[in-house]
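**Q** The following block contains the structure, expressed as structure tokens.
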Amino acid sequence: MTVVDCTGFASQLIALTARLPDIPRRDLHGFLERASELAAELPTGLGTLLDEFNASGNQDGFLGLRGLPVDAEDDLPPTPTSTPAPLDRPLLRMEAMLAIIGRRLGLHTGYKELRAGTVFHDVYPSPNAHHLSSETSETLLEFHTEMAYHVLQPNYVLLACSRADHERRAATLVASIRKALPLVSEKYRNRLWDRPLPCRVDVAFRGGVADPGAIAGVKPLYGDVTDPFLGYDRELLAPADPEDVEAVGVLSKALDEVTEPVRLVPGDLLILDNFRTTHARTPFTPRWDGADRWLHRVYIRTPREGQLSGGERAGDVVSFTPRS
């Protein structure tokens, strides 16, 4: 099951969140250590579900949790207009859910060049945002595997919703390679398999250079030939060879055909398998009234796929090294 109703766990989850420190950013490592202890106490049904997804994923490449404890609209502060969040901001319930559920999966990770190296990100619309930024709103945020160009790419992207957009139009689009692969012929699979293609990087990782070009190499398909990982970014992959361009086009079409929309509402938490999916976001119209769409995001690394080498802690911040 891809989307799970968690309302039956509400009282247990509220009791767990009440045992977290009130100001998470004051001592983030300590906060996440406490979250790890509480993650072991998650209701059995929910904990087992997370463990199974962590072990083997699923065909859709995501797990949606619906009906988690969320702050009432009247209790929420206005949707942010700047980042990072103040160090003294009190814990929000959806941030608490990201902390506990994220620790059940692995280690929260910050990226030095992104959002000032912070671990908990507010995702909100911003006027004149760069088209590659999650702060866009009225244009499509194109399909991308999060940081596919980064050696320490996160295993999971977690998105939690405190506020939906006013019309509830915005959808997170998810496409899974497990569903798309049968639509890609052997000819194109072989062309893309274990083959690094030139890839540009997001603005945050460009070192202040307007456009350093394709400084990374990303393999669109790699890992287990029968159950491959996906490295994909519709805006940033820059194949030069005509055969590579054709093969990426076939892969793109297959991903489009298996796309599934997920519309996040308050109390929803979406876990994306970042090694087997690509995701996008459809446009929506902000009103700039303090009550626009407000998501929270964390990145989680696990020991799989070499993303941890040992000795790391939840809350650590890593520096950029491009894939090659």
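Ordering of the structure tokens sets the chain letters (A, B, ...), residue numbers begin anew at 1 in every chain, and ligands are numbered from 1 in the order given.
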Could you give me, as JSON lines, every stretch 12-86 of chain A residue with an atom at most 12 Å from stretch 141-156 of chain A, plus its closest atom pair and distance in Å to one decimal, counting only C-alpha atoms, rows ordered by chain then number?

**A**
{"residue": "A:Phe53", "atom": "CA", "partner": "A:Tyr156", "partner_atom": "CA", "distance": 11.0}
{"residue": "A:Asn54", "atom": "CA", "partner": "A:Tyr156", "partner_atom": "CA", "distance": 9.4}
{"residue": "A:Ala55", "atom": "CA", "partner": "A:Asn155", "partner_atom": "CA", "distance": 11.9}
{"residue": "A:Gly57", "atom": "CA", "partner": "A:Tyr156", "partner_atom": "CA", "distance": 10.8}
{"residue": "A:Gly61", "atom": "CA", "partner": "A:Tyr156", "partner_atom": "CA", "distance": 10.2}
{"residue": "A:Phe62", "atom": "CA", "partner": "A:Tyr156", "partner_atom": "CA", "distance": 9.4}
{"residue": "A:Leu63", "atom": "CA", "partner": "A:Tyr156", "partner_atom": "CA", "distance": 10.7}

**Q** So which residues touch A:Asp165 within 9 Å, counting only C-alpha atoms, skipping near sequence neighbours fewer than 4 positions away, as a short mmCIF file (atom, residue, chain, number, x, y, z; two decimals) with C-alpha atoms, in the first residue's frame?

**A**
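Output contents, as saved in selection.cif:
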data_model
loop_
_atom_site.label_atom_id
_atom_site.label_comp_id
_atom_site.auth_asym_id
_atom_site.auth_seq_id
_atom_site.Cartn_x
_atom_site.Cartn_y
_atom_site.Cartn_z
CA ARG A 169 -3.91 22.23 -6.88
CA ALA A 170 -0.21 21.59 -6.28
CA VAL A 265 -2.56 18.20 2.62
CA PHE A 284 0.03 26.65 -8.11
CA THR A 285 -0.90 30.27 -7.44
CA PRO A 286 0.26 31.86 -4.17
CA ALA A 291 -1.15 31.33 4.50
CA ASP A 292 0.46 29.96 1.33
CA ARG A 293 1.68 26.39 0.87
CA TRP A 294 4.20 25.38 3.53
#

**Q** Could you tell me, as number ranges by chain, which residues of stretch 6-111 of chain A DSSP assigns to alpha helix (DSSP H) when given the backbone?

**A** A: 10-17, 28-39, 44-56, 93-105

**Q** Which polymer residues have any atom within 10 Å of an atom of stretch 299-309 of chain A, counting only C-alpha atoms, with same-chain residues fewer than 2 positions away left out, as a compact mmCIF listing (two decimals) with all heavy atoms, in the first residue's frame?

**A**
# COMPACT_ATOMS: atom_id res chain seq x y z
N ASN A 54 12.06 0.66 4.05
CA ASN A 54 13.49 0.92 4.11
C ASN A 54 14.29 -0.26 3.57
O ASN A 54 15.35 -0.08 2.94
CB ASN A 54 13.90 1.22 5.55
CG ASN A 54 15.19 2.00 5.65
OD1 ASN A 54 15.72 2.50 4.66
ND2 ASN A 54 15.70 2.13 6.87
N ALA A 55 13.79 -1.45 3.80
CA ALA A 55 14.53 -2.65 3.38
C ALA A 55 14.42 -2.91 1.88
O ALA A 55 15.40 -3.31 1.24
CB ALA A 55 14.02 -3.87 4.16
N LEU A 98 8.92 14.54 10.98
CA LEU A 98 10.10 14.35 10.13
C LEU A 98 11.29 13.86 10.95
O LEU A 98 12.10 13.06 10.47
CB LEU A 98 10.47 15.66 9.44
CG LEU A 98 9.59 16.11 8.28
CD1 LEU A 98 10.08 17.45 7.75
CD2 LEU A 98 9.59 15.08 7.15
N GLY A 102 12.09 10.14 10.22
CA GLY A 102 13.39 10.14 9.53
C GLY A 102 14.43 9.32 10.26
O GLY A 102 15.23 8.60 9.62
N ARG A 103 14.43 9.37 11.58
CA ARG A 103 15.42 8.60 12.34
C ARG A 103 15.14 7.11 12.29
O ARG A 103 16.05 6.30 12.46
CB ARG A 103 15.50 9.10 13.79
CG ARG A 103 16.16 10.44 13.95
CD ARG A 103 17.64 10.44 13.48
NE ARG A 103 18.53 9.86 14.46
CZ ARG A 103 19.34 8.83 14.27
NH1 ARG A 103 19.36 8.20 13.10
NH2 ARG A 103 20.13 8.39 15.21
N LEU A 105 14.42 5.71 9.61
CA LEU A 105 14.97 5.34 8.31
C LEU A 105 16.49 5.46 8.25
O LEU A 105 17.16 4.65 7.59
CB LEU A 105 14.35 6.21 7.22
CG LEU A 105 12.84 6.08 7.02
CD1 LEU A 105 12.34 7.18 6.08
CD2 LEU A 105 12.48 4.71 6.47
N GLY A 106 17.05 6.50 8.87
CA GLY A 106 18.49 6.72 8.74
C GLY A 106 18.93 8.01 9.42
O GLY A 106 18.41 8.38 10.48
N LEU A 107 19.86 8.71 8.77
CA LEU A 107 20.47 9.90 9.36
C LEU A 107 20.08 11.15 8.58
O LEU A 107 20.31 11.24 7.36
CB LEU A 107 22.00 9.78 9.35
CG LEU A 107 22.62 8.61 10.11
CD1 LEU A 107 24.14 8.70 10.05
CD2 LEU A 107 22.14 8.57 11.56
N HIS A 108 19.53 12.13 9.28
CA HIS A 108 19.27 13.43 8.69
C HIS A 108 20.60 14.07 8.29
O HIS A 108 21.56 14.04 9.06
CB HIS A 108 18.56 14.35 9.68
CG HIS A 108 17.21 13.88 10.10
ND1 HIS A 108 17.01 12.74 10.84
CD2 HIS A 108 15.97 14.42 9.87
CE1 HIS A 108 15.71 12.58 11.06
NE2 HIS A 108 15.06 13.58 10.49
N THR A 109 20.62 14.66 7.10
CA THR A 109 21.87 15.22 6.57
C THR A 109 21.64 16.61 6.01
O THR A 109 20.66 16.85 5.30
CB THR A 109 22.43 14.31 5.45
OG1 THR A 109 22.68 13.01 5.99
CG2 THR A 109 23.72 14.87 4.88
N GLY A 110 22.55 17.52 6.35
CA GLY A 110 22.57 18.84 5.74
C GLY A 110 23.64 18.88 4.66
O GLY A 110 24.64 18.15 4.73
N TYR A 111 23.45 19.76 3.69
CA TYR A 111 24.42 19.93 2.60
C TYR A 111 24.96 21.35 2.66
O TYR A 111 24.19 22.32 2.59
CB TYR A 111 23.75 19.61 1.26
CG TYR A 111 23.44 18.13 1.14
CD1 TYR A 111 22.29 17.59 1.72
CD2 TYR A 111 24.33 17.27 0.52
CE1 TYR A 111 22.03 16.23 1.67
CE2 TYR A 111 24.08 15.90 0.46
CZ TYR A 111 22.93 15.39 1.03
OH TYR A 111 22.68 14.03 0.99
N VAL A 119 19.49 21.56 8.16
CA VAL A 119 18.98 20.20 8.01
C VAL A 119 17.48 20.18 7.77
O VAL A 119 16.98 19.41 6.95
CB VAL A 119 19.36 19.36 9.25
CG1 VAL A 119 18.66 17.99 9.23
CG2 VAL A 119 20.88 19.18 9.31
N PHE A 120 16.75 21.03 8.49
CA PHE A 120 15.31 21.14 8.30
C PHE A 120 15.03 22.33 7.39
O PHE A 120 15.40 23.46 7.71
CB PHE A 120 14.59 21.33 9.64
CG PHE A 120 14.48 20.07 10.45
CD1 PHE A 120 15.53 19.64 11.25
CD2 PHE A 120 13.32 19.29 10.42
CE1 PHE A 120 15.44 18.47 11.99
CE2 PHE A 120 13.22 18.13 11.16
CZ PHE A 120 14.28 17.72 11.94
N HIS A 121 14.40 22.08 6.26
CA HIS A 121 14.13 23.14 5.28
C HIS A 121 12.65 23.48 5.26
O HIS A 121 11.80 22.58 5.23
CB HIS A 121 14.52 22.68 3.88
CG HIS A 121 15.97 22.37 3.71
ND1 HIS A 121 16.47 21.73 2.60
CD2 HIS A 121 17.04 22.61 4.53
CE1 HIS A 121 17.77 21.59 2.72
NE2 HIS A 121 18.14 22.11 3.89
N GLU A 146 16.77 13.92 -6.61
CA GLU A 146 17.40 14.94 -5.77
C GLU A 146 18.91 14.73 -5.68
O GLU A 146 19.38 13.67 -5.26
CB GLU A 146 16.79 14.91 -4.37
CG GLU A 146 16.98 16.17 -3.57
CD GLU A 146 15.97 17.25 -3.93
OE1 GLU A 146 14.93 16.93 -4.55
OE2 GLU A 146 16.20 18.41 -3.56
N VAL A 151 27.97 12.96 -4.86
CA VAL A 151 28.47 11.67 -4.38
C VAL A 151 27.70 11.20 -3.14
O VAL A 151 27.46 10.00 -2.97
CB VAL A 151 29.99 11.77 -4.09
CG1 VAL A 151 30.47 10.58 -3.28
CG2 VAL A 151 30.78 11.88 -5.39
N LEU A 152 27.30 12.13 -2.30
CA LEU A 152 26.56 11.80 -1.07
C LEU A 152 25.08 12.13 -1.22
O LEU A 152 24.44 12.65 -0.31
CB LEU A 152 27.18 12.51 0.12
CG LEU A 152 28.62 12.10 0.44
CD1 LEU A 152 29.16 12.88 1.62
CD2 LEU A 152 28.71 10.60 0.70
N GLN A 153 24.54 11.81 -2.37
CA GLN A 153 23.11 11.95 -2.66
C GLN A 153 22.27 11.31 -1.55
O GLN A 153 22.57 10.22 -1.08
CB GLN A 153 22.83 11.25 -3.99
CG GLN A 153 21.38 11.04 -4.36
CD GLN A 153 21.26 10.14 -5.59
OE1 GLN A 153 22.21 9.96 -6.34
NE2 GLN A 153 20.09 9.58 -5.80
N PRO A 154 21.21 11.97 -1.10
CA PRO A 154 20.38 11.36 -0.05
C PRO A 154 19.62 10.13 -0.56
O PRO A 154 19.19 10.08 -1.70
CB PRO A 154 19.41 12.48 0.34
CG PRO A 154 19.35 13.37 -0.86
CD PRO A 154 20.71 13.31 -1.49
N ASN A 155 19.47 9.16 0.33
CA ASN A 155 18.68 7.97 -0.02
C ASN A 155 17.19 8.28 -0.04
O ASN A 155 16.45 7.71 -0.85
CB ASN A 155 18.94 6.84 0.98
CG ASN A 155 20.38 6.37 0.95
OD1 ASN A 155 21.24 7.00 1.56
ND2 ASN A 155 20.66 5.30 0.23
N TYR A 156 16.77 9.18 0.84
CA TYR A 156 15.35 9.53 0.92
C TYR A 156 15.19 11.04 0.98
O TYR A 156 16.00 11.75 1.58
CB TYR A 156 14.69 8.94 2.17
CG TYR A 156 14.69 7.44 2.21
CD1 TYR A 156 15.47 6.75 3.12
CD2 TYR A 156 13.89 6.69 1.34
CE1 TYR A 156 15.48 5.37 3.17
CE2 TYR A 156 13.90 5.31 1.37
CZ TYR A 156 14.70 4.66 2.28
OH TYR A 156 14.71 3.28 2.30
N VAL A 157 14.13 11.52 0.35
CA VAL A 157 13.65 12.88 0.52
C VAL A 157 12.32 12.78 1.25
O VAL A 157 11.42 12.06 0.79
CB VAL A 157 13.46 13.60 -0.83
CG1 VAL A 157 12.93 15.02 -0.62
CG2 VAL A 157 14.77 13.62 -1.61
N LEU A 158 12.19 13.47 2.37
CA LEU A 158 10.94 13.47 3.12
C LEU A 158 10.32 14.86 3.04
O LEU A 158 10.99 15.87 3.31
CB LEU A 158 11.18 13.11 4.59
CG LEU A 158 11.19 11.63 4.97
CD1 LEU A 158 12.26 10.86 4.21
CD2 LEU A 158 11.38 11.46 6.47
N LEU A 159 9.05 14.91 2.66
CA LEU A 159 8.29 16.15 2.57
C LEU A 159 7.08 16.04 3.49
O LEU A 159 6.32 15.07 3.40
CB LEU A 159 7.82 16.41 1.14
CG LEU A 159 8.90 16.60 0.07
CD1 LEU A 159 8.27 16.61 -1.31
CD2 LEU A 159 9.67 17.89 0.32
N GLY A 223 23.61 -0.08 -10.86
CA GLY A 223 23.30 -0.95 -9.74
C GLY A 223 23.02 -2.36 -10.20
O GLY A 223 23.80 -2.95 -10.96
N PHE A 229 19.00 1.38 -10.12
CA PHE A 229 18.80 2.71 -9.57
C PHE A 229 18.65 3.68 -10.74
O PHE A 229 19.04 3.40 -11.88
CB PHE A 229 19.98 3.12 -8.70
CG PHE A 229 20.20 2.23 -7.51
CD1 PHE A 229 21.46 1.72 -7.23
CD2 PHE A 229 19.15 1.90 -6.67
CE1 PHE A 229 21.67 0.89 -6.14
CE2 PHE A 229 19.35 1.08 -5.57
CZ PHE A 229 20.62 0.58 -5.31
N ILE A 271 7.47 10.06 1.73
CA ILE A 271 8.83 9.52 1.72
C ILE A 271 9.14 9.08 0.30
O ILE A 271 8.49 8.19 -0.24
CB ILE A 271 8.96 8.32 2.68
CG1 ILE A 271 8.52 8.70 4.09
CG2 ILE A 271 10.39 7.78 2.68
CD1 ILE A 271 8.38 7.51 5.03
N LEU A 272 10.14 9.72 -0.32
CA LEU A 272 10.54 9.40 -1.68
C LEU A 272 11.83 8.58 -1.66
O LEU A 272 12.82 8.98 -1.04
CB LEU A 272 10.79 10.69 -2.48
CG LEU A 272 9.58 11.60 -2.69
CD1 LEU A 272 10.04 12.97 -3.20
CD2 LEU A 272 8.60 10.97 -3.66
N ASN A 274 14.86 8.05 -3.18
CA ASN A 274 15.59 8.96 -4.06
C ASN A 274 16.58 8.24 -4.97
O ASN A 274 17.23 8.88 -5.79
CB ASN A 274 16.31 10.03 -3.23
CG ASN A 274 16.76 11.20 -4.07
OD1 ASN A 274 16.00 11.71 -4.89
ND2 ASN A 274 18.01 11.61 -3.90
N PHE A 275 16.71 6.93 -4.82
CA PHE A 275 17.56 6.16 -5.74
C PHE A 275 16.74 5.43 -6.80
O PHE A 275 17.31 4.85 -7.72
CB PHE A 275 18.43 5.16 -4.96
CG PHE A 275 19.73 5.76 -4.49
CD1 PHE A 275 19.76 6.67 -3.46
CD2 PHE A 275 20.93 5.41 -5.09
CE1 PHE A 275 20.95 7.23 -3.02
CE2 PHE A 275 22.13 5.96 -4.67
CZ PHE A 275 22.14 6.88 -3.62
N ARG A 297 11.08 19.90 4.67
CA ARG A 297 11.85 18.88 3.94
C ARG A 297 13.10 18.50 4.72
O ARG A 297 13.77 19.35 5.31
CB ARG A 297 12.27 19.44 2.58
CG ARG A 297 13.12 18.49 1.72
CD ARG A 297 13.47 19.12 0.39
NE ARG A 297 14.32 20.30 0.57
CZ ARG A 297 14.50 21.22 -0.36
NH1 ARG A 297 13.88 21.15 -1.52
NH2 ARG A 297 15.31 22.26 -0.12
N GLY A 311 30.60 6.29 11.44
CA GLY A 311 30.95 7.38 12.34
C GLY A 311 30.12 8.64 12.18
O GLY A 311 30.26 9.58 12.97
N GLU A 312 29.25 8.66 11.18
CA GLU A 312 28.41 9.85 10.98
C GLU A 312 27.32 9.93 12.06
O GLU A 312 26.93 8.93 12.66
CB GLU A 312 27.75 9.83 9.60
CG GLU A 312 28.72 9.92 8.43
CD GLU A 312 29.13 8.57 7.89
OE1 GLU A 312 28.96 7.56 8.62
OE2 GLU A 312 29.64 8.51 6.76
N ARG A 313 26.82 11.15 12.25
CA ARG A 313 25.71 11.37 13.17
C ARG A 313 24.57 12.03 12.42
O ARG A 313 24.79 12.77 11.44
CB ARG A 313 26.12 12.28 14.32
CG ARG A 313 27.18 11.73 15.25
CD ARG A 313 27.36 12.64 16.44
NE ARG A 313 27.81 13.97 16.04
CZ ARG A 313 27.82 15.04 16.85
NH1 ARG A 313 27.37 14.93 18.10
NH2 ARG A 313 28.25 16.20 16.41
N ALA A 314 23.36 11.80 12.90
CA ALA A 314 22.22 12.53 12.35
C ALA A 314 22.42 14.01 12.63
O ALA A 314 22.74 14.41 13.75
CB ALA A 314 20.92 12.05 12.99
N GLY A 315 22.26 14.83 11.61
CA GLY A 315 22.46 16.26 11.74
C GLY A 315 23.79 16.74 11.20
O GLY A 315 24.05 17.95 11.16

**Q** I need the strand (DSSP E) residues of stretch 169-233 of chain A per DSSP on the backbone, written as a count of residues only.

**A** 19

**Q** Would you work out the distance separating atom CA of A:Pro125 from atom CA of A:Thr277, expressed in Å to one decimal?

**A** 23.7 Å

**Q** For each of A:Val4, A:Ala35, A:Ala171, A:Val123, take the minimum atom-to-atom distance to A:Arg281, counting only C-alpha atoms, then give the residue where this is smallest.

**A**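 Among the listed residues, the smallest separation from A:Arg281 belongs to A:Ala171.
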
**Q** Stretch 257-276 of chain A near stretch 238-252 of chain A within 12 Å: what's each residue's closest atom pair and its distance in Å to one decimal, counting only C-alpha atoms, ordered by chain then ascending residue number, as a tab-separated table?

**A**
residue	atom	partner	partner_atom	distance
A:Glu257	CA	A:Ser252	CA	8.7
A:Val258	CA	A:Ser252	CA	10.3
A:Thr259	CA	A:Ser252	CA	10.6

**Q** Can you write just those residues out, all heavy atoms, as a short mmCIF file (atom, residue, chain, number, x, y, z; two decimals), in the first residue's frame?

**A**
data_model
loop_
_atom_site.label_atom_id
_atom_site.label_comp_id
_atom_site.auth_asym_id
_atom_site.auth_seq_id
_atom_site.Cartn_x
_atom_site.Cartn_y
_atom_site.Cartn_z
N GLU A 257 5.01 8.27 -18.55
CA GLU A 257 3.87 7.36 -18.65
C GLU A 257 3.50 6.70 -17.34
O GLU A 257 2.37 6.24 -17.17
CB GLU A 257 4.14 6.30 -19.73
CG GLU A 257 4.15 6.88 -21.14
CD GLU A 257 4.34 5.82 -22.21
OE1 GLU A 257 4.19 4.61 -21.90
OE2 GLU A 257 4.65 6.19 -23.37
N VAL A 258 4.44 6.65 -16.40
CA VAL A 258 4.14 5.98 -15.12
C VAL A 258 4.00 6.99 -13.97
O VAL A 258 3.91 6.60 -12.80
CB VAL A 258 5.22 4.93 -14.77
CG1 VAL A 258 5.32 3.88 -15.87
CG2 VAL A 258 6.59 5.58 -14.54
N THR A 259 3.96 8.27 -14.29
CA THR A 259 3.90 9.30 -13.27
C THR A 259 2.63 9.20 -12.43
O THR A 259 1.54 8.98 -12.95
CB THR A 259 3.97 10.69 -13.92
OG1 THR A 259 5.25 10.85 -14.53
CG2 THR A 259 3.75 11.79 -12.91
#

**Q** Quick one, how far is atom CA of A:Glu33 from atom CA of A:Pro77?

**A**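 So the answer is 26.4 Å.
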
**Q** Mind checking which residues fall within 8 Å of A:Pro84, counting only C-alpha atoms, ignoring those fewer than 5 positions away in the same chain, and posting them as a compact mmCIF listing (two decimals) with N, CA, C and O atoms, in the first residue's frame?

**A**
# COMPACT_ATOMS: atom_id res chain seq x y z
N ARG A 115 20.94 25.89 1.40
CA ARG A 115 20.18 26.44 2.53
C ARG A 115 21.07 26.66 3.76
O ARG A 115 20.69 26.32 4.89
N ALA A 116 22.27 27.21 3.51
CA ALA A 116 23.21 27.54 4.58
C ALA A 116 23.56 26.33 5.44
O ALA A 116 23.89 26.46 6.62
N THR A 118 21.66 23.99 6.54
CA THR A 118 20.65 23.59 7.52
C THR A 118 20.08 22.21 7.16
O THR A 118 20.16 21.75 6.02
N HIS A 121 14.40 22.08 6.26
CA HIS A 121 14.13 23.14 5.28
C HIS A 121 12.65 23.48 5.26
O HIS A 121 11.80 22.58 5.23
N ASP A 122 12.35 24.76 5.25
CA ASP A 122 11.01 25.22 4.92
C ASP A 122 10.92 25.34 3.39
O ASP A 122 11.81 25.88 2.75

**Q** Determine, counting only C-alpha atoms, which protein, DNA and RNA residues have an atom within 8 Å of an atom of A:Tyr222; residues of the same chain fewer than 6 positions away are not included. Present the result as an mmCIF file with N, CA and C atoms, in the first residue's frame.

**A**
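File produced: out.cif:
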data_model
loop_
_atom_site.group_PDB
_atom_site.id
_atom_site.type_symbol
_atom_site.label_atom_id
_atom_site.label_comp_id
_atom_site.auth_asym_id
_atom_site.auth_seq_id
_atom_site.Cartn_x
_atom_site.Cartn_y
_atom_site.Cartn_z
ATOM 1 N N TRP A 193 22.990 2.081 -19.484
ATOM 2 C CA TRP A 193 23.447 1.312 -18.339
ATOM 3 C C TRP A 193 24.870 1.677 -17.944
ATOM 4 N N ASP A 194 25.033 2.066 -16.682
ATOM 5 C CA ASP A 194 26.343 2.309 -16.082
ATOM 6 C C ASP A 194 27.188 3.276 -16.903
ATOM 7 N N PRO A 228 17.383 -1.697 -11.275
ATOM 8 C CA PRO A 228 18.391 -0.633 -11.252
ATOM 9 C C PRO A 228 17.985 0.593 -10.457
ATOM 10 N N PHE A 229 19.002 1.376 -10.115
ATOM 11 C CA PHE A 229 18.805 2.708 -9.574
ATOM 12 C C PHE A 229 18.646 3.679 -10.738
ATOM 13 N N LEU A 230 18.083 4.840 -10.410
ATOM 14 C CA LEU A 230 17.820 5.870 -11.409
ATOM 15 C C LEU A 230 18.578 7.141 -11.071
#

**Q** Name all residues at most 12 Å from A:Ser324 (count only C-alpha atoms; drop same-chain ones fewer than 3 positions away) and give them as a list in words.

**A**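 Residues meeting the cut-off are Ala148, Tyr149, His150, Val151, Asp194, Arg195, Pro196, Leu197, Pro198, Cys199, Arg200, Ala214, Ile215, Ala216, Gly217, Val218, Lys219 and Thr321 of chain A.
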
**Q** Using only C-alpha atoms, find the one residue out of A:Gly45, A:Thr2, A:Ala160, A:Pro24 that sits nearest to A:Val298.

**A**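 Answer, going by the shortest atom-to-atom distance: A:Ala160.
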
**Q** Report, in Å with one decimal, the straight-line distance from atom CA of A:Cys6 to atom CA of A:Glu52.

**A**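 Atom CA of A:Glu52 lies 16.4 Å from atom CA of A:Cys6.
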
**Q** Could you name the residues that touch A:Asp268 at 9 Å or less, counting only C-alpha atoms, but leaving out those on the same chain fewer than 6 positions away, as a ChimeraX atom specification?

**A** /A:64-70,94,159-162
